[in-house]
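J.: One structure, as structure tokens, below. Some questions next.
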Amino acid sequence: MAGAVMSESDSVIRRRSSPPAVLRPSPRPRRSGLRSPSRSLKVRRASAYTPSFMAKKLLVTGSSGLIGSEVCVFFSQQGFVVHGMDNNQRAVFFGPQGDTRWNQQRLLRELPGFQHHELDIRDRAGVLALVQEVRPDVLVHTAAQPSHDRAAAIPFDDFDTNAVGTLNLLEAARQACPESPFVHMSTNKVYGDAPNRIALAELATRWDYADPAYAHGIPETFTIDQSKHSLFGASKVAADVMVQEYGRYFNLPTCALRGGCLTGPNHTGVELHGFLSYLVKCNLEGREYRVFGYKGKQVRDNIHSLDVARFMFAFSQAPRAGEVYNLGGGKANSCSIYEAFALTEKFTGKKQVHAYVDQNRVGDHICYYSDLRKMRAHYPSWNISVSLEETIRQIVEAWKQREAAPAG
Ligand SMILES: NC(=O)c1ccc[n+]([C@@H]2O[C@H](COP(=O)([O-])OP(=O)(O)OC[C@H]3O[C@@H](n4cnc5c(N)ncnc54)[C@H](O)[C@@H]3O)[C@@H](O)[C@H]2O)c1
């Protein structure tokens, strides 16, 4: 019960320090006449843990997912008390293969003081009540319907989750904790298929940009307009622009991180989402991996979830209002599908079984890697710390361990 989770220290934590220098003073938080969350929220927490008196609080949506869970672990290691919000919707979107309960259980087992809130981000009143109750010092929003192809089959669920769910959280943050950094996980699909208009060179195993203007990758100034996004890309555009607007209009310390391929050992990869994780799983199981179009030379830039969490932490320590960053692995961590096969085979010793489907996914990028220069300029202490090879090695090990672990 959320009410029962509150401790005396909460009232102290609510007295916040001054907003960072880069921000104008924020409006005073308004009280909303919300119902008690204890009626709507099921809360589970790791046992026998007493948070330190001044511990800061983090609220993560999508906490059982790849990025959410990594953020929970990373901020916990920095001394935060972590609240996760997830309702295992990934299993609804993708079936049992997408079930993330194993990760929720891992967090409950391993993170001191971790509190799980079983809540749907579409539940506006529930979200408002929870944010009001927790009053997080940092809010990281990673819950989403994350698949292009799935969105077409469930347009209302997709938009309600990605766009409206994000608005629910932003408004809750504005009312309850307007000075707390709000980090939103956006996507490079906000650029639609416009990157496919860049002149390309066909190399032996991959496509690359032929236009020297993109030698460093796609910058944040790239157009998000007048291209094909998929319904998923469009719902994420709505969220991305809303996150910017809460920064620019209301001066909240928000940022939208336009992710490339976010990956890591804790992804529950399925065919429709989480390409490297799913590719490795197929390799280990000898299952056929289907390559969709572009000769298998389509390029994605891959970033380990740890480096995503590290950037989110850096932003939370020196937030800015309404910022946008392209958060990917950059050119150094990019690979084509066929290059990913070769890297995976190196670690598993097994040949990748695959089939080529001569039809690309709607709106899929032929070549995409992020220009990381803005991130590095704003946060010089941040950089990519996990190479692509090491990331794949970890994914291989993680799938082996998960397959070997007893169910439940
Ligand atoms: N993984 C990638 O390659 C990638 C790339 C670009 C952007 N992103 C974005 O990053 C974010 C995180 O991606 P991920 O790979 O960790 O996804 P994920 O599917 O692993 O995690 C998302 C979590 O959110 C939960 N969730 C979904 N809908 C919910 C709802 N209505 N209420 C509560 N919880 C809900 C799911 O159960 C899941 O545990 C998403 O916004 C996604 O669009 C991901």
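Numbering starts fresh at 1 for the residues of each chain in the structure tokens, the chains themselves are lettered A, B, ... in the order given, and ligands are numbered from 1 as they appear.
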Grab me every residue within 7 Å of ligand 1, counting only C-alpha atoms and all ligand atoms, and send it over as a PyMOL selection string.
T.: chain A and resi 61-68+85-91+100+119-122+142-146+161+165+185-188+258-263+267-268+273-274
J.: Using N, CA and C atoms, can you write the selected residues to a file as a tab-separated table (two decimals), in the first residue's frame?
T.:
```
chain	number	residue	atom	x	y	z
A	61	THR	N	9.27	4.65	-14.67
A	61	THR	CA	8.18	3.90	-15.32
A	61	THR	C	8.79	2.88	-16.27
A	62	GLY	N	8.10	1.76	-16.43
A	62	GLY	CA	8.66	0.70	-17.28
A	62	GLY	C	9.84	0.04	-16.60
A	63	SER	N	9.79	-0.04	-15.28
A	63	SER	CA	10.95	-0.48	-14.48
A	63	SER	C	11.33	-1.94	-14.70
A	64	SER	N	10.42	-2.74	-15.23
A	64	SER	CA	10.76	-4.15	-15.47
A	64	SER	C	11.34	-4.36	-16.86
A	65	GLY	N	11.38	-3.30	-17.66
A	65	GLY	CA	11.90	-3.40	-19.02
A	65	GLY	C	13.41	-3.26	-19.06
A	66	LEU	N	13.95	-3.28	-20.26
A	66	LEU	CA	15.40	-3.20	-20.44
A	66	LEU	C	15.98	-1.93	-19.79
A	67	ILE	N	15.52	-0.77	-20.26
A	67	ILE	CA	16.12	0.47	-19.80
A	67	ILE	C	15.69	0.78	-18.37
A	68	GLY	N	14.40	0.61	-18.10
A	68	GLY	CA	13.89	0.90	-16.76
A	68	GLY	C	14.66	0.15	-15.69
A	85	MET	N	7.59	1.50	-11.58
A	85	MET	CA	6.17	1.39	-11.96
A	85	MET	C	6.10	0.58	-13.26
A	86	ASP	N	5.38	-0.52	-13.23
A	86	ASP	CA	5.27	-1.37	-14.42
A	86	ASP	C	4.08	-2.29	-14.20
A	87	ASN	N	3.40	-2.63	-15.27
A	87	ASN	CA	2.28	-3.58	-15.15
A	87	ASN	C	2.45	-4.77	-16.09
A	88	ASN	N	3.69	-5.02	-16.48
A	88	ASN	CA	4.01	-6.13	-17.38
A	88	ASN	C	3.22	-6.05	-18.69
A	89	GLN	N	2.99	-4.84	-19.15
A	89	GLN	CA	2.23	-4.66	-20.39
A	89	GLN	C	2.97	-5.26	-21.58
A	90	ARG	N	4.28	-5.41	-21.45
A	90	ARG	CA	5.05	-6.00	-22.57
A	90	ARG	C	4.52	-7.40	-22.89
A	91	ALA	N	4.06	-8.12	-21.87
A	91	ALA	CA	3.51	-9.46	-22.12
A	91	ALA	C	2.17	-9.36	-22.84
A	100	THR	N	7.97	-9.67	-18.57
A	100	THR	CA	9.12	-9.07	-17.86
A	100	THR	C	9.07	-9.30	-16.34
A	119	LEU	N	1.12	-0.51	-11.81
A	119	LEU	CA	0.25	0.58	-12.26
A	119	LEU	C	0.43	0.81	-13.76
A	120	ASP	N	-0.67	1.12	-14.42
A	120	ASP	CA	-0.67	1.40	-15.86
A	120	ASP	C	-0.51	2.91	-16.05
A	121	ILE	N	0.43	3.32	-16.90
A	121	ILE	CA	0.63	4.77	-17.07
A	121	ILE	C	-0.57	5.44	-17.73
A	122	ARG	N	-1.49	4.64	-18.27
A	122	ARG	CA	-2.72	5.22	-18.85
A	122	ARG	C	-3.73	5.59	-17.76
A	142	THR	N	10.31	5.36	-19.02
A	142	THR	CA	10.72	4.43	-20.08
A	142	THR	C	9.58	3.50	-20.51
A	143	ALA	N	8.44	3.57	-19.84
A	143	ALA	CA	7.33	2.67	-20.21
A	143	ALA	C	6.79	3.07	-21.58
A	144	ALA	N	6.54	2.09	-22.42
A	144	ALA	CA	6.05	2.40	-23.76
A	144	ALA	C	5.56	1.14	-24.46
A	145	GLN	N	4.77	1.36	-25.49
A	145	GLN	CA	4.57	0.33	-26.52
A	145	GLN	C	5.72	0.61	-27.48
A	146	PRO	N	6.71	-0.27	-27.59
A	146	PRO	CA	7.95	0.10	-28.27
A	146	PRO	C	8.09	-0.38	-29.72
A	161	THR	N	-0.81	4.73	-24.68
A	161	THR	CA	0.37	4.43	-23.84
A	161	THR	C	1.47	5.46	-24.09
A	165	GLY	N	-0.02	8.52	-22.07
A	165	GLY	CA	0.68	8.10	-20.84
A	165	GLY	C	1.78	9.08	-20.47
A	185	MET	N	12.34	8.65	-22.42
A	185	MET	CA	12.97	7.83	-23.44
A	185	MET	C	12.16	7.95	-24.73
A	186	SER	N	12.69	8.74	-25.66
A	186	SER	CA	12.06	8.87	-26.97
A	186	SER	C	12.77	7.90	-27.93
A	187	THR	N	12.69	8.14	-29.19
A	187	THR	CA	13.25	7.18	-30.16
A	187	THR	C	13.70	7.89	-31.43
A	188	ASN	N	14.63	7.28	-32.14
A	188	ASN	CA	15.05	7.86	-33.42
A	188	ASN	C	13.96	7.70	-34.49
A	258	ARG	N	16.37	10.52	-27.83
A	258	ARG	CA	15.96	9.81	-29.04
A	258	ARG	C	16.87	8.62	-29.27
A	259	GLY	N	16.43	7.48	-28.75
A	259	GLY	CA	17.27	6.30	-28.73
A	259	GLY	C	17.47	5.67	-30.09
A	260	GLY	N	18.68	5.19	-30.31
A	260	GLY	CA	18.94	4.31	-31.44
A	260	GLY	C	18.52	2.91	-31.01
A	261	CYS	N	19.38	1.91	-31.17
A	261	CYS	CA	19.05	0.58	-30.66
A	261	CYS	C	19.60	0.47	-29.25
A	262	LEU	N	18.70	0.44	-28.29
A	262	LEU	CA	19.09	0.30	-26.90
A	262	LEU	C	19.08	-1.19	-26.60
A	263	THR	N	20.14	-1.65	-25.99
A	263	THR	CA	20.22	-3.09	-25.83
A	263	THR	C	21.01	-3.45	-24.57
A	267	HIS	N	17.41	-7.38	-21.79
A	267	HIS	CA	16.30	-7.19	-22.72
A	267	HIS	C	15.56	-8.51	-22.89
A	268	THR	N	14.24	-8.40	-23.01
A	268	THR	CA	13.43	-9.59	-23.31
A	268	THR	C	13.08	-9.49	-24.79
A	273	HIS	N	10.61	-6.47	-31.47
A	273	HIS	CA	11.33	-5.44	-30.73
A	273	HIS	C	12.52	-6.01	-29.97
A	274	GLY	N	13.67	-5.31	-30.09
A	274	GLY	CA	14.87	-5.73	-29.36
A	274	GLY	C	15.73	-6.61	-30.25
```
J.: From a DSSP pass on the backbone, collect the residues of region 232-408 of chain A flagged as strand (DSSP E) and hand them back as an MDAnalysis selection string.
T.: chainID A and resid 254:259 261:263 289:292 299:304 323:327 334:336 354:357
J.: Can you work out which one of A:Asp358, A:Asp307, A:Asp137, A:Glu285 has the shortest atom-to-atom distance to Glu179 (chain A), counting only C-alpha atoms?
T.: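 Nearest to Glu179 (chain A): A:Asp137.
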J.: One number please: CA of Arg290 (chain A) to CA of Phe347 (chain A), in Å, one decimal.
T.: 20.2 Å
J.: Which neighbours of Lys57 (chain A) fall inside 9 Å, counting only C-alpha atoms, when residues of the same chain fewer than 3 positions from it are skipped, and could you give them as a compact mmCIF listing (two decimals) with N, CA, C and O atoms, in the first residue's frame?
T.:
```txt
# COMPACT_ATOMS: atom_id res chain seq x y z
N ILE A 13 12.56 15.18 2.50
CA ILE A 13 13.00 15.12 1.11
C ILE A 13 12.22 16.11 0.27
O ILE A 13 12.71 16.68 -0.68
N GLY A 79 22.84 5.60 -4.53
CA GLY A 79 22.25 5.92 -3.23
C GLY A 79 20.78 6.32 -3.26
O GLY A 79 20.23 6.72 -2.23
N PHE A 80 20.15 6.24 -4.41
CA PHE A 80 18.73 6.60 -4.50
C PHE A 80 17.85 5.47 -3.94
O PHE A 80 18.18 4.29 -4.05
N VAL A 81 16.72 5.87 -3.36
CA VAL A 81 15.65 4.91 -3.07
C VAL A 81 14.82 4.82 -4.34
O VAL A 81 14.38 5.84 -4.88
N VAL A 82 14.62 3.62 -4.85
CA VAL A 82 14.04 3.47 -6.18
C VAL A 82 12.60 2.93 -6.12
O VAL A 82 12.33 1.91 -5.48
N HIS A 83 11.73 3.67 -6.80
CA HIS A 83 10.34 3.23 -6.99
C HIS A 83 10.17 2.87 -8.46
O HIS A 83 10.43 3.69 -9.34
N VAL A 134 4.86 9.79 -3.95
CA VAL A 134 6.31 9.53 -3.89
C VAL A 134 7.10 10.83 -3.92
O VAL A 134 8.12 10.97 -3.25
N ARG A 135 6.62 11.81 -4.67
CA ARG A 135 7.37 13.06 -4.89
C ARG A 135 8.85 12.76 -5.21
O ARG A 135 9.76 13.10 -4.45
N PRO A 136 9.08 12.14 -6.35
CA PRO A 136 10.45 11.74 -6.67
C PRO A 136 11.36 12.94 -6.91
O PRO A 136 10.90 13.98 -7.39
N ASP A 137 12.63 12.77 -6.60
CA ASP A 137 13.63 13.80 -6.91
C ASP A 137 14.04 13.72 -8.37
O ASP A 137 14.54 14.70 -8.93
N VAL A 138 13.87 12.54 -8.96
CA VAL A 138 14.14 12.35 -10.39
C VAL A 138 13.06 11.41 -10.93
O VAL A 138 12.70 10.43 -10.26
N LEU A 139 12.56 11.73 -12.12
CA LEU A 139 11.56 10.86 -12.75
C LEU A 139 12.10 10.41 -14.12
O LEU A 139 12.47 11.26 -14.94
```
J.: Need to verify the contact set: region 104-107 of chain A, 8 Å, only C-alpha atoms, exclusion of same-chain residues closer than 3 positions in sequence. Can you return it as a list in words?
T.: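 Here the qualifying residues turn out to be Ser63, Ser64, Ser69, Cys72, Val73, Thr100, Arg101, Glu110, Leu111, Phe114 and His116 of chain A.
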J.: Output the selection as an mmCIF file, in the first residue's frame - C-alpha atoms for each residue.
T.:
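Written output follows (selection30.cif):
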```
data_model
loop_
_atom_site.group_PDB
_atom_site.id
_atom_site.type_symbol
_atom_site.label_atom_id
_atom_site.label_comp_id
_atom_site.auth_asym_id
_atom_site.auth_seq_id
_atom_site.Cartn_x
_atom_site.Cartn_y
_atom_site.Cartn_z
ATOM 1 C CA SER A 63 10.953 -0.481 -14.483
ATOM 2 C CA SER A 64 10.762 -4.145 -15.470
ATOM 3 C CA SER A 69 15.559 -1.933 -14.877
ATOM 4 C CA CYS A 72 16.777 1.262 -11.253
ATOM 5 C CA VAL A 73 20.047 -0.548 -10.603
ATOM 6 C CA THR A 100 9.118 -9.065 -17.859
ATOM 7 C CA ARG A 101 8.092 -10.443 -14.443
ATOM 8 C CA GLU A 110 18.624 -7.519 -5.527
ATOM 9 C CA LEU A 111 17.906 -3.814 -4.933
ATOM 10 C CA PHE A 114 13.171 -1.237 -4.193
ATOM 11 C CA HIS A 116 7.357 -1.986 -7.198
#
```
J.: So that I can check the surroundings of Leu276 (chain A), please list as a list in words every protein, DNA and RNA residue that reaches within 9 Å of it, counting only C-alpha atoms and ignoring chain neighbours fewer than 3 positions away.
T.: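 Here the answer would be Cys261, Thr263, Gly264, Gly269, Leu279, Val280, Lys281, Asn302, Ile337, Ala340, Ile392 and Ile395 of chain A.
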J.: For the structure I just gave you, how does DSSP split region 280-310 of chain A - specifically, which residues are alpha helix (DSSP H)? Reply as a list of chain:residue names.
T.: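 These are the residues in question: A:Val280, A:Lys281, A:Cys282, A:Asn283, A:Leu284, A:Glu285, A:Ser305, A:Leu306, A:Asp307, A:Val308, A:Ala309, A:Arg310.
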J.: Report, in Å to a single decimal, how far apart CA of Phe156 (chain A) and CA of Tyr278 (chain A) are.
T.: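 Result for CA of Tyr278 (chain A) versus CA of Phe156 (chain A): 26.1 Å, one decimal.
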J.: At what distance in Å, to one decimal, does CA of Phe311 (chain A) lie from CA of Ala238 (chain A)?
T.: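 Going from CA of Ala238 (chain A) over to CA of Phe311 (chain A), I get 22.9 Å.
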J.: Taking a cut-off of 7 Å and counting only C-alpha atoms, can you build a table that, for each residue of region 246-365 of chain A near region 371-377 of chain A, reports the nearest atom pair and how far apart they are in Å (one decimal), sorted by chain then residue number, as a Markdown table?
T.:
```
| residue | atom | partner | partner_atom | distance |
| --- | --- | --- | --- | --- |
| A:Tyr325 | CA | A:Met375 | CA | 6.4 |
| A:Asn326 | CA | A:Leu372 | CA | 6.6 |
| A:Leu327 | CA | A:Leu372 | CA | 6.9 |
| A:Gly330 | CA | A:Asp371 | CA | 6.1 |
```
J.: Output C-alpha atoms for every residue in the selection just made, as a JSON list (two decimals), in the first residue's frame.
T.:
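Result saved to part36.json:
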```
[["chain", "number", "residue", "atom", "x", "y", "z"],
["A", 325, "TYR", "CA", 19.52, 14.32, -27.46],
["A", 326, "ASN", "CA", 20.19, 11.55, -29.95],
["A", 327, "LEU", "CA", 21.23, 8.71, -27.68],
["A", 330, "GLY", "CA", 27.29, 6.23, -32.54]]
```
J.: Nearest to Trp207 (chain A) among A:Phe292, A:Phe232, A:Tyr368, A:Phe275, with distances taken over only C-alpha atoms: which residue is it?
T.: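 Result for the nearest residue to Trp207 (chain A): A:Tyr368.
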